[in-house]
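Structure first, then comments.
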2 protein chains.
Amino acid sequence: MTQGQEQIEKLQKLAAMVRYYILAATTRAGSGHPSSSLSATDLMTGLFFGGGFRYDPDRPDYPNNDRLIFSKGHASPLFYALWLAAGRLSEEEMLTYRQFGSPLEGHPTASFPYAEAATGSLGQGLSIGLGMALNARYLDKLPCCTYVLLGDSEMAEGSQWEAIQLAARYELDNLIGIIDVNRLGQRGETMYGHDLQAYKLRLEAFGWRTMVIDGHSYPDILTAYEQARQAAGRPVMIIARTLKGKGVAVMENRDGWHGKTLSPDDYQQALQQLGRVDCSVRGEIKTPERIEPEPGSAAEIAPLDYPADQPVATRKAFGNALKRLGPGFPGLVSLDAEVSNSTAAEVFKEAFPERFFEMYVAEQNMVGAAQGLALRGKLPFVSTFAAFLTRAYDQIRMGQYSEANLKLVGSHAGVSIGEDGPSQMGLEDLAMFRAIVDSVVLYPADATAMERLVEAAARHRGLVYLRATRAATPILYGPQEHFSIGGSKVLRSSDRDMLTVATAGITLFEALAAHEELKQEGINLRVLDMYSIKPLDREILLKAAGETRAIITVEDHYAEGGLGEAVQSALATVAVPVYKLAVGKKPKSGKPDELLDYEEISRGAIAHRARAIAGS
Amino acid sequence: MTQGQEQIEKLQKLAAMVRYYILAATTRAGSGHPSSSLSATDLMTGLFFGGGFRYDPDRPDYPNNDRLIFSKGHASPLFYALWLAAGRLSEEEMLTYRQFGSPLEGHPTASFPYAEAATGSLGQGLSIGLGMALNARYLDKLPCCTYVLLGDSEMAEGSQWEAIQLAARYELDNLIGIIDVNRLGQRGETMYGHDLQAYKLRLEAFGWRTMVIDGHSYPDILTAYEQARQAAGRPVMIIARTLKGKGVAVMENRDGWHGKTLSPDDYQQALQQLGRVDCSVRGEIKTPERIEPEPGSAAEIAPLDYPADQPVATRKAFGNALKRLGPGFPGLVSLDAEVSNSTAAEVFKEAFPERFFEMYVAEQNMVGAAQGLALRGKLPFVSTFAAFLTRAYDQIRMGQYSEANLKLVGSHAGVSIGEDGPSQMGLEDLAMFRAIVDSVVLYPADATAMERLVEAAARHRGLVYLRATRAATPILYGPQEHFSIGGSKVLRSSDRDMLTVATAGITLFEALAAHEELKQEGINLRVLDMYSIKPLDREILLKAAGETRAIITVEDHYAEGGLGEAVQSALATVAVPVYKLAVGKKPKSGKPDELLDYEEISRGAIAHRARAIAGS
């Protein structure tokens with residue numbers, strides 16, 4: 001037997017065992033996606049143990065490891081079985097698949113040490129892989145490759161085509177996708193079935209190298225991986241013809257088996273078809289070249305320098321903050337969706353062009369790529385209009401299950417952006433981000449607060465969202481003021497405060513103006529800057545609840561899920577009335593002040609509400 | 001002069017006037033996107049008045065009108081100026097552009113009678129147009145065409161490529177896109193600049209017919225529109241080379257002019273460059289063929305028929321409801337994202353195959369297309385997993401500004417789906433949909449309630465979201481029970497209720513079980529089914545607040561923005577404590593009951609909390 005034949009025989013043995021464990025685990029669990037796992041088994045066994053994939057399992061975080069992402073996350077049984085085959089999982093552990101408390105979840109999450117990212121919402125893996133490839137090529141400058149296993153159904157997702165465009169644009173020849181073209185979606189055929197040329201044509205039109213192979217032929221598979229690694233300036237897509245359920249006659253290439261496990265009888269029959277499986281066989285993963293990236297060196301961060309009498313938009317302060325912090329955070333990178341002149345990310349871009357990535361008008365991919373960068377140890381700040389972050393809500397949601405250290409900045413918040421009108425107004429962003437598990441949500445009112453909170457975000461481990469205002473606003477806080485996640489500021493208070501206004505951002509200035517007006521009438525307002533919307537400073541609110549008659553919240557945001565409801569929730573078991581001023585009507589074009597009045601969140605509206613409460 | 005030359009001279013005159021008004025309106029407003037409007041002026045003047053576009057301005061809703069969508073919504077000055085040129089807008093009205101209260105908003109919204117849809121968030125217009133084309137081809141069966149003006153920057157959006165795939169799949173040769181390839185994005189060049197072949201290659205790979213033209217040459221433009229209308233089984237993309245700011249030397253083809261208006265001096269110079277403009281010239285739009293669609297006839301709706309002792313999953317009831325209502329709502333159509341066997345939309349598909357549209361794994365396009373269908377008078381129900389509706393949040397957001405009569409159903413809500421794990425769990429959907437202005441959010445607990453609320457949704461004018469459960473649940477309500485938007489049900493109550501549990505959906509059953517347990521201990525729980533989460537039945541909550549010691553809310557959803565905060569908000573000025581039980585920790589795989597316990601939203605957790613409050 002030649003060395004090649006020996007290798008292939010070994011791979012086939014490993015694949016048989018992998019198939020066995022796919023069936024054993026899913027049958028025992030009574031749920032899972034065996035057919036989707038079986039179609040990709042040969043592709044992945046060939047990748048892991050055929051010399052293509054280079055990875056040190058003792059050091060999952062080793063910088064020059066190749067990366068593998070299962071964009072088709074429902075093939076998790078295959079993923080776990082491969083690690084068993086690599087000697088990193090016992091049979092006993094494998095059989096805890098999908099059990100409560102097991103790291104082997106239904107779709108991979110951060111609980112499994114070898115999962116690069118949480119997947120399971122289709123069409124997101126290629127973006128994450130793109131981020132990792134960007135990191136390897138342009139930041140760490142290492143020769144490692146990023147592999148992404150893709151399903152055919154998920155190629156319908158637009159996010160994939162964002163990643164495909166950007167990968168070609170960035171010449172990421174270290175990004176290798178493998179499409180498991182098994183023809184069958186969740187219910188029936190995919191759009192292209194087994195028409196592999198359809199995929200080839202489309203991917204080549206977008207500038208990728210392609211290889212069309214038989215996804216169950218080891219010679220094809222091994223050759224493809226070898227050729228894929230030969231850098232040639234373009235990302236690579238291996239388009240593999242496979243059979244869903246390959247290896248199990250009852251499900252092989254048959255519709256109606258997506259997400260279905262075997263009955264006890266079918267399981268026994270399947271075991272017979274697999275033949276004699278050697279469960280002791282283990283495979284070796286090739287070790288990566290020992291290369292470390294250049295260590296970044298942190299330098300001193302310059303102090304703040306905002307003249308007290310010059311209004312600055314918090315979005316501009318965001319850009320300034322990135323530039324100011326750049327030297328102190330060598331891993332800090334900026335991604336923007338073709339609006340960097342609006343979000344001010346261009347300030348960072350001009351100072352650190354090698355750390356800025358233009359992601360074009362493709363927000364889903366931008367967030368996914370940022371996840372990839374974060375998971376490889378970088379500190380990505382993602383920016384666009386707050387309204388357009390709604391485009392990437394699924395990616396933001398999934399990022400939490402990867403525990404990605406992601407920072408997002410949404411500018412042009414609220415009706416106060418003015419004449420551009422509602423399509424450009426972020427009015428749901430506070431609700432959207434508050435609902436994300438373990439998120440931090442910050443809404444600084446002035447340039448000082450923004451700079452301090454961008455730094456706090458950079459130091460915080462986990463997802464942070466910062467809301468930024470379009471208009472220039474006065475400097476409220478001097479450089480000595482301290483801001484923290486979970487903090488707040490009391491801007492106006494006395495021993496005779498009748499009512500409290502709890503607000504943040506652009507409406508804080510409205511509250512301060514209302515305070516002035518009402519002081520003349522003998523109504524003292526306490527004014528709180530609740531710049532940390534999540535976590536919220538409950539203590540300061542309890543104090544106000546104890547010392548004033550009522551709380552009025554004000555926000556340039558719709559009424560549901562934002563600051564008002566956060567305050568109402570924090571005080572829900574306290575006997576203080578909480579009134580909420582928020583955007584209630586579909587907004588329209590107009591001057592900022594006209595719109596604040598129209599939506600009854602202006603100084604006039606605050607004063608009016610305060611008088612009504614004071615009088616009652 | 002030949003007839004052709006005469007026509008072109010007329011078009012040039014109209015275009016000159018259109019350019020004049022673009023400049024006049026934006027300069028006066030001091031904001032807007034003149035350069036982006038000028039690049040598309042010849043394309044659109046040629047479309048409107050060259051005989052291609054067929055539309056009766058006296059009857060914007062005429063079924064056989066062609067449709068035109070400005071996917072590049074920021075070119076609104078051009079859009080309005082065209083209608084002025086058609087005699088439908090006065091100069092005075094034109095000059096109210098962007099003023100508060102003017103129907104001529106910064107980006108088109110429902111306030112302008114000729115805007116087919118609100119646009120301004122890029123990359124959404126082609127999906128909306130696809131929906132209208134689907135309607136014309138497969139439902140109304142009319143020969144009208146749908147035109148979509150696209151920007152080049154927005155071709156980076158994945159949603160466009162979802163639409164592009166689906167349009168080819170559905171052979172929509174009545175869908176004609178025009179890409180205004182002006183090379184310059186918001187800041188700098190787009191990915192492909194003036195490389196028109198890049199667009200041609202990609203679009204043809206996806207099965208579209210393409211035509212590459214000079215976007216400022218009327219012979220090119222008119223020929224393209226004529227050829228585009230010749231149906232040939234494939235959608236058409238006209239790829240037009242244009243110059244941003246065409247006609248105004250200071251901005252023509254120059255970077256840095258996106259979204260910038262002219263200074264007074266530059267404006268005067270530009271007027272000189274335009275030359276003598278005849279502001280009295282008007283153009284005629286060709287009238288459409290007088291064809292009406294077959295009127296649909298409403299037939300009787302069958303009664304409900306759920307045996308009281310057979311549990312049914314509310315997602316299955318959703319499918320049944322669509323089928324049952326189908327005869328009574330001839331405009332009802334169903335769109336699903338390749339999960340119709342999970343969402344049960346396949347029940348409707350089997351009964352009414354010509355009214356079901358498989359939209360594949362591409363949720364953004366699905367929602368956009370549904371908008372298009374709704375705006376053409378159909379009643380679309382969009383379904384997928386609740387978790388995956390986060391993929392389309394921007395489209396959902398924008399749909400409200402079009403006032404699209406959209407119905408969305410999200411299944412597999414909550415941790416209670418079990419072993420598939422967090423990627424598949426809808427845990428942010430109530431917050432997401434509550435934050436959408438003017439939305440209705442419903443969460444029926446049993447099959448009866450689901451059927452009744454699907455019907456209520458169908459009868460309601462506006463966006464409705466229905467949350468569906470994966471697991472089979474008992475029948476709580478008989479066929480005679482009435483359900484309404486804004487309503488609720490009192491399931492358990494007495495004169496001696498100590499505490500109230502306000503809940504909905506899957507946790508309602510937990511509350512009922514807790515009620516039983518606590519009754520034994522002498523603690524009477526009032527149990528409220530708050531199936532209408534928005535609008536919320538505040539009256540029933542006020543009554544409970546007056547008659548019981550405290551309210552406990554329970555939801556299989558994260559703690560922010562959902563039912564709990566809705567109740568806390570409704571009672572924020574009432575002196576009753578409201579305790580909230582919700583999902584607080586990142587969920588994992590596991591059995592449904594294990595997860596409900598882990599997240600402390602189970603019967604045990606409810607009872608435990610109730611005892612603690614009762615004891616205090």
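By convention in this document, the chains of the structure tokens carry letters A, B, ... by their order, each chain's residues are numbered from 1, and ligands are numbered from 1 in the order they are shown.
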
Practice task
Could you give me, as number ranges by chain, the residues within 7 Å of segment 431-447 of chain B, counting only C-alpha atoms and dropping anything in the same chain fewer than 4 positions from it?
Solution key: A: 428, 431-432, 435, 558, 560-561, 586; B: 312-314, 317, 397, 451, 463-468, 473-476, 504-506, 508, 531-535, 560-562

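Using only C-alpha atoms, the contacts of segment 486-493 of chain B at a cut-off of 6 Å, with sequence neighbours closer than 4 positions omitted, comprise B:Arg526, B:Val527, B:Leu528, B:Asp529, B:Met530, B:Tyr531, B:Ser532, B:Pro535, B:Leu536, B:Asp537.
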
Could those selected residues go to a file with all heavy atoms, as an mmCIF file, in the first residue's frame?
data_model
loop_
_atom_site.group_PDB
_atom_site.id
_atom_site.type_symbol
_atom_site.label_atom_id
_atom_site.label_comp_id
_atom_site.auth_asym_id
_atom_site.auth_seq_id
_atom_site.Cartn_x
_atom_site.Cartn_y
_atom_site.Cartn_z
ATOM 1 N N ARG B 526 -54.183 35.155 41.887
ATOM 2 C CA ARG B 526 -54.973 35.503 40.705
ATOM 3 C C ARG B 526 -54.053 35.256 39.505
ATOM 4 O O ARG B 526 -52.880 35.615 39.545
ATOM 5 C CB ARG B 526 -55.388 36.977 40.756
ATOM 6 C CG ARG B 526 -56.205 37.422 39.551
ATOM 7 C CD ARG B 526 -56.848 38.769 39.769
ATOM 8 N NE ARG B 526 -57.676 38.779 40.969
ATOM 9 C CZ ARG B 526 -58.376 39.829 41.385
ATOM 10 N NH1 ARG B 526 -58.339 40.963 40.687
ATOM 11 N NH2 ARG B 526 -59.096 39.771 42.487
ATOM 12 N N VAL B 527 -54.596 34.608 38.489
ATOM 13 C CA VAL B 527 -53.774 34.332 37.318
ATOM 14 C C VAL B 527 -54.362 35.038 36.102
ATOM 15 O O VAL B 527 -55.517 34.794 35.725
ATOM 16 C CB VAL B 527 -53.654 32.811 37.038
ATOM 17 C CG1 VAL B 527 -52.801 32.562 35.790
ATOM 18 C CG2 VAL B 527 -53.038 32.098 38.253
ATOM 19 N N LEU B 528 -53.562 35.909 35.519
ATOM 20 C CA LEU B 528 -53.984 36.679 34.341
ATOM 21 C C LEU B 528 -53.222 36.207 33.110
ATOM 22 O O LEU B 528 -51.996 36.088 33.135
ATOM 23 C CB LEU B 528 -53.688 38.169 34.534
ATOM 24 C CG LEU B 528 -54.265 38.859 35.757
ATOM 25 C CD1 LEU B 528 -53.859 40.341 35.762
ATOM 26 C CD2 LEU B 528 -55.783 38.730 35.796
ATOM 27 N N ASP B 529 -53.977 35.962 32.040
ATOM 28 C CA ASP B 529 -53.375 35.658 30.746
ATOM 29 C C ASP B 529 -53.295 36.976 29.971
ATOM 30 O O ASP B 529 -54.301 37.438 29.410
ATOM 31 C CB ASP B 529 -54.236 34.624 29.991
ATOM 32 C CG ASP B 529 -53.679 34.297 28.601
ATOM 33 O OD1 ASP B 529 -52.609 34.822 28.231
ATOM 34 O OD2 ASP B 529 -54.329 33.515 27.884
ATOM 35 N N MET B 530 -52.108 37.571 29.968
ATOM 36 C CA MET B 530 -51.909 38.861 29.267
ATOM 37 C C MET B 530 -51.492 38.575 27.831
ATOM 38 O O MET B 530 -50.372 38.913 27.404
ATOM 39 C CB MET B 530 -50.836 39.688 29.989
ATOM 40 C CG MET B 530 -51.055 39.920 31.469
ATOM 41 S SD MET B 530 -52.655 40.730 31.856
ATOM 42 C CE MET B 530 -52.406 42.348 31.096
ATOM 43 N N TYR B 531 -52.391 37.923 27.101
ATOM 44 C CA TYR B 531 -52.009 37.504 25.744
ATOM 45 C C TYR B 531 -51.766 38.679 24.803
ATOM 46 O O TYR B 531 -51.084 38.543 23.799
ATOM 47 C CB TYR B 531 -53.067 36.552 25.154
ATOM 48 C CG TYR B 531 -54.435 37.177 25.011
ATOM 49 C CD1 TYR B 531 -54.725 38.019 23.935
ATOM 50 C CD2 TYR B 531 -55.450 36.924 25.935
ATOM 51 C CE1 TYR B 531 -55.975 38.606 23.789
ATOM 52 C CE2 TYR B 531 -56.701 37.500 25.806
ATOM 53 C CZ TYR B 531 -56.964 38.350 24.735
ATOM 54 O OH TYR B 531 -58.202 38.919 24.602
ATOM 55 N N SER B 532 -52.340 39.818 25.146
ATOM 56 C CA SER B 532 -52.060 41.012 24.338
ATOM 57 C C SER B 532 -51.013 41.821 25.088
ATOM 58 O O SER B 532 -51.302 42.514 26.057
ATOM 59 C CB SER B 532 -53.330 41.838 24.127
ATOM 60 O OG SER B 532 -53.022 43.004 23.371
ATOM 61 N N PRO B 535 -51.214 46.322 22.497
ATOM 62 C CA PRO B 535 -51.473 47.094 23.702
ATOM 63 C C PRO B 535 -51.859 46.199 24.893
ATOM 64 O O PRO B 535 -52.457 45.146 24.693
ATOM 65 C CB PRO B 535 -52.657 47.977 23.292
ATOM 66 C CG PRO B 535 -53.358 47.202 22.222
ATOM 67 C CD PRO B 535 -52.281 46.467 21.481
ATOM 68 N N LEU B 536 -51.497 46.640 26.065
ATOM 69 C CA LEU B 536 -51.683 45.864 27.280
ATOM 70 C C LEU B 536 -52.999 46.265 27.939
ATOM 71 O O LEU B 536 -53.377 47.433 27.921
ATOM 72 C CB LEU B 536 -50.514 46.176 28.222
ATOM 73 C CG LEU B 536 -50.172 45.227 29.365
ATOM 74 C CD1 LEU B 536 -49.701 43.878 28.822
ATOM 75 C CD2 LEU B 536 -49.071 45.857 30.213
ATOM 76 N N ASP B 537 -53.680 45.305 28.531
ATOM 77 C CA ASP B 537 -54.941 45.590 29.214
ATOM 78 C C ASP B 537 -54.633 46.204 30.577
ATOM 79 O O ASP B 537 -54.488 45.499 31.588
ATOM 80 C CB ASP B 537 -55.743 44.291 29.364
ATOM 81 C CG ASP B 537 -57.122 44.531 29.965
ATOM 82 O OD1 ASP B 537 -57.424 45.677 30.386
ATOM 83 O OD2 ASP B 537 -57.912 43.563 30.028
#

Handout entry: Within 10 Å of Gly129 of chain A using only C-alpha atoms, minus same-chain residues under 5 positions, as a list in words
Key = Arg67, Leu68, Ile69, Phe70, Ser71, Glu116, Ala117, Gln124, Leu134, Asn135, Cys145, Thr146, Tyr147, Val148, Leu149, Ala163, Ala167, Asn174, Leu175, Ile176, Gly177, Gly368, Ala369, Ala370, Gln371, Gly372 and Leu373 of chain A

Problem - Residues flagged helix (DSSP H, G or I) by DSSP in segment 218-467 of chain A, as a count of residues only - result: 106

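Nearest residue to Ser35 of chain A, choosing from A:Ala559, A:Ile22, A:Ile552, A:Val578 and counting only C-alpha atoms: A:Ile22.
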
Practice task
From a DSSP calculation on the backbone, collect every residue of segment 149-375 of chain B in strand (DSSP E) and output the set as a PyMOL selection string.
Solution key: chain B and resi 149-151+175-181+209-214+236-241+312-313+332-336+356-358

Problem - From B:Ala337, B:Leu139, B:Ala457, B:Ala614, residue lying nearest Glu294 of chain B [only C-alpha atoms] - result: B:Leu139

Handout entry: Selected residue, from B:Phe381, B:Phe100, B:Phe79, B:Phe483, that lies nearest to chain A when counting only C-alpha atoms
Key = B:Phe100

Practice task
Please provide the set of residues having any atom within 8 Å of Val454 of chain A, restricted to only C-alpha atoms, with same-chain residues fewer than 6 positions apart removed, written as a ChimeraX atom specification.
Solution key: /A:318,321-322,466

Need to verify the contact set: segment 260-265 of chain B, 8 Å, only C-alpha atoms, exclusion of same-chain residues closer than 6 positions in sequence. Can you return it as an mmCIF file with all heavy atoms, in the first residue's frame?
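Generated output (out_19.cif):
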data_model
loop_
_atom_site.group_PDB
_atom_site.id
_atom_site.type_symbol
_atom_site.label_atom_id
_atom_site.label_comp_id
_atom_site.auth_asym_id
_atom_site.auth_seq_id
_atom_site.Cartn_x
_atom_site.Cartn_y
_atom_site.Cartn_z
ATOM 1 N N LEU B 23 -31.679 71.302 -6.889
ATOM 2 C CA LEU B 23 -30.781 72.284 -6.282
ATOM 3 C C LEU B 23 -31.559 73.305 -5.454
ATOM 4 O O LEU B 23 -31.151 73.659 -4.342
ATOM 5 C CB LEU B 23 -29.953 72.983 -7.364
ATOM 6 C CG LEU B 23 -29.021 72.073 -8.168
ATOM 7 C CD1 LEU B 23 -28.310 72.866 -9.255
ATOM 8 C CD2 LEU B 23 -28.019 71.372 -7.262
ATOM 9 N N THR B 26 -32.925 71.599 -2.127
ATOM 10 C CA THR B 26 -31.927 71.229 -1.133
ATOM 11 C C THR B 26 -31.162 72.448 -0.627
ATOM 12 O O THR B 26 -30.824 72.516 0.558
ATOM 13 C CB THR B 26 -30.927 70.184 -1.683
ATOM 14 O OG1 THR B 26 -30.330 70.681 -2.892
ATOM 15 C CG2 THR B 26 -31.624 68.859 -1.947
ATOM 16 N N THR B 27 -30.910 73.396 -1.505
ATOM 17 C CA THR B 27 -30.206 74.590 -1.057
ATOM 18 C C THR B 27 -31.062 75.350 -0.053
ATOM 19 O O THR B 27 -30.582 75.787 0.996
ATOM 20 C CB THR B 27 -29.850 75.502 -2.247
ATOM 21 O OG1 THR B 27 -29.146 74.734 -3.229
ATOM 22 C CG2 THR B 27 -28.988 76.681 -1.794
ATOM 23 N N GLY B 30 -31.130 73.497 3.156
ATOM 24 C CA GLY B 30 -29.838 73.454 3.835
ATOM 25 C C GLY B 30 -29.386 72.040 4.147
ATOM 26 O O GLY B 30 -28.398 71.812 4.844
ATOM 27 N N SER B 31 -30.119 71.054 3.675
ATOM 28 C CA SER B 31 -29.700 69.658 3.849
ATOM 29 C C SER B 31 -30.333 68.821 2.747
ATOM 30 O O SER B 31 -31.276 69.258 2.082
ATOM 31 C CB SER B 31 -30.077 69.129 5.230
ATOM 32 O OG SER B 31 -31.477 69.015 5.384
ATOM 33 N N GLY B 32 -29.823 67.611 2.616
ATOM 34 C CA GLY B 32 -30.327 66.751 1.548
ATOM 35 C C GLY B 32 -29.174 66.220 0.725
ATOM 36 O O GLY B 32 -27.999 66.483 1.036
ATOM 37 N N HIS B 33 -29.478 65.465 -0.318
ATOM 38 C CA HIS B 33 -28.438 64.788 -1.102
ATOM 39 C C HIS B 33 -28.551 65.155 -2.579
ATOM 40 O O HIS B 33 -28.967 64.329 -3.409
ATOM 41 C CB HIS B 33 -28.565 63.264 -0.906
ATOM 42 C CG HIS B 33 -28.446 62.822 0.523
ATOM 43 N ND1 HIS B 33 -29.454 62.995 1.450
ATOM 44 C CD2 HIS B 33 -27.424 62.236 1.199
ATOM 45 C CE1 HIS B 33 -29.059 62.532 2.635
ATOM 46 N NE2 HIS B 33 -27.830 62.072 2.509
ATOM 47 N N PRO B 34 -28.155 66.377 -2.939
ATOM 48 C CA PRO B 34 -28.280 66.771 -4.347
ATOM 49 C C PRO B 34 -27.393 65.955 -5.289
ATOM 50 O O PRO B 34 -27.848 65.562 -6.363
ATOM 51 C CB PRO B 34 -27.881 68.259 -4.350
ATOM 52 C CG PRO B 34 -27.147 68.494 -3.061
ATOM 53 C CD PRO B 34 -27.686 67.508 -2.094
ATOM 54 N N SER B 35 -26.153 65.671 -4.892
ATOM 55 C CA SER B 35 -25.262 64.983 -5.832
ATOM 56 C C SER B 35 -25.791 63.592 -6.177
ATOM 57 O O SER B 35 -25.726 63.150 -7.337
ATOM 58 C CB SER B 35 -23.839 64.897 -5.270
ATOM 59 O OG SER B 35 -23.820 64.187 -4.045
#

Exercise for the section: Excluding Glu403 of chain A and any residue of its chain fewer than 3 positions from it, enumerate the residues within 7 Å of it, using only C-alpha atoms, and give them as a ChimeraX atom specification. Expected result: /A:110,399-400,462

Write the selection just made, keeping all heavy atoms, as a tab-separated table (two decimals), in the first residue's frame?
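out-v1.tsv, freshly written:
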chain	number	residue	atom	x	y	z
A	110	ALA	N	-19.81	28.93	23.51
A	110	ALA	CA	-18.53	29.17	24.19
A	110	ALA	C	-18.24	28.10	25.24
A	110	ALA	O	-17.12	28.03	25.74
A	110	ALA	CB	-18.53	30.56	24.81
A	399	GLY	N	-23.48	37.01	19.06
A	399	GLY	CA	-22.17	37.37	19.62
A	399	GLY	C	-22.08	37.08	21.10
A	399	GLY	O	-21.02	36.73	21.62
A	400	GLN	N	-23.20	37.22	21.78
A	400	GLN	CA	-23.20	36.96	23.22
A	400	GLN	C	-22.98	35.50	23.56
A	400	GLN	O	-22.39	35.17	24.57
A	400	GLN	CB	-24.50	37.44	23.85
A	400	GLN	CG	-24.60	38.94	23.94
A	400	GLN	CD	-23.45	39.55	24.73
A	400	GLN	OE1	-22.32	39.63	24.26
A	400	GLN	NE2	-23.73	39.96	25.94
A	462	GLY	N	-16.71	42.32	27.61
A	462	GLY	CA	-18.07	41.98	27.20
A	462	GLY	C	-18.66	43.03	26.27
A	462	GLY	O	-18.06	44.08	26.02
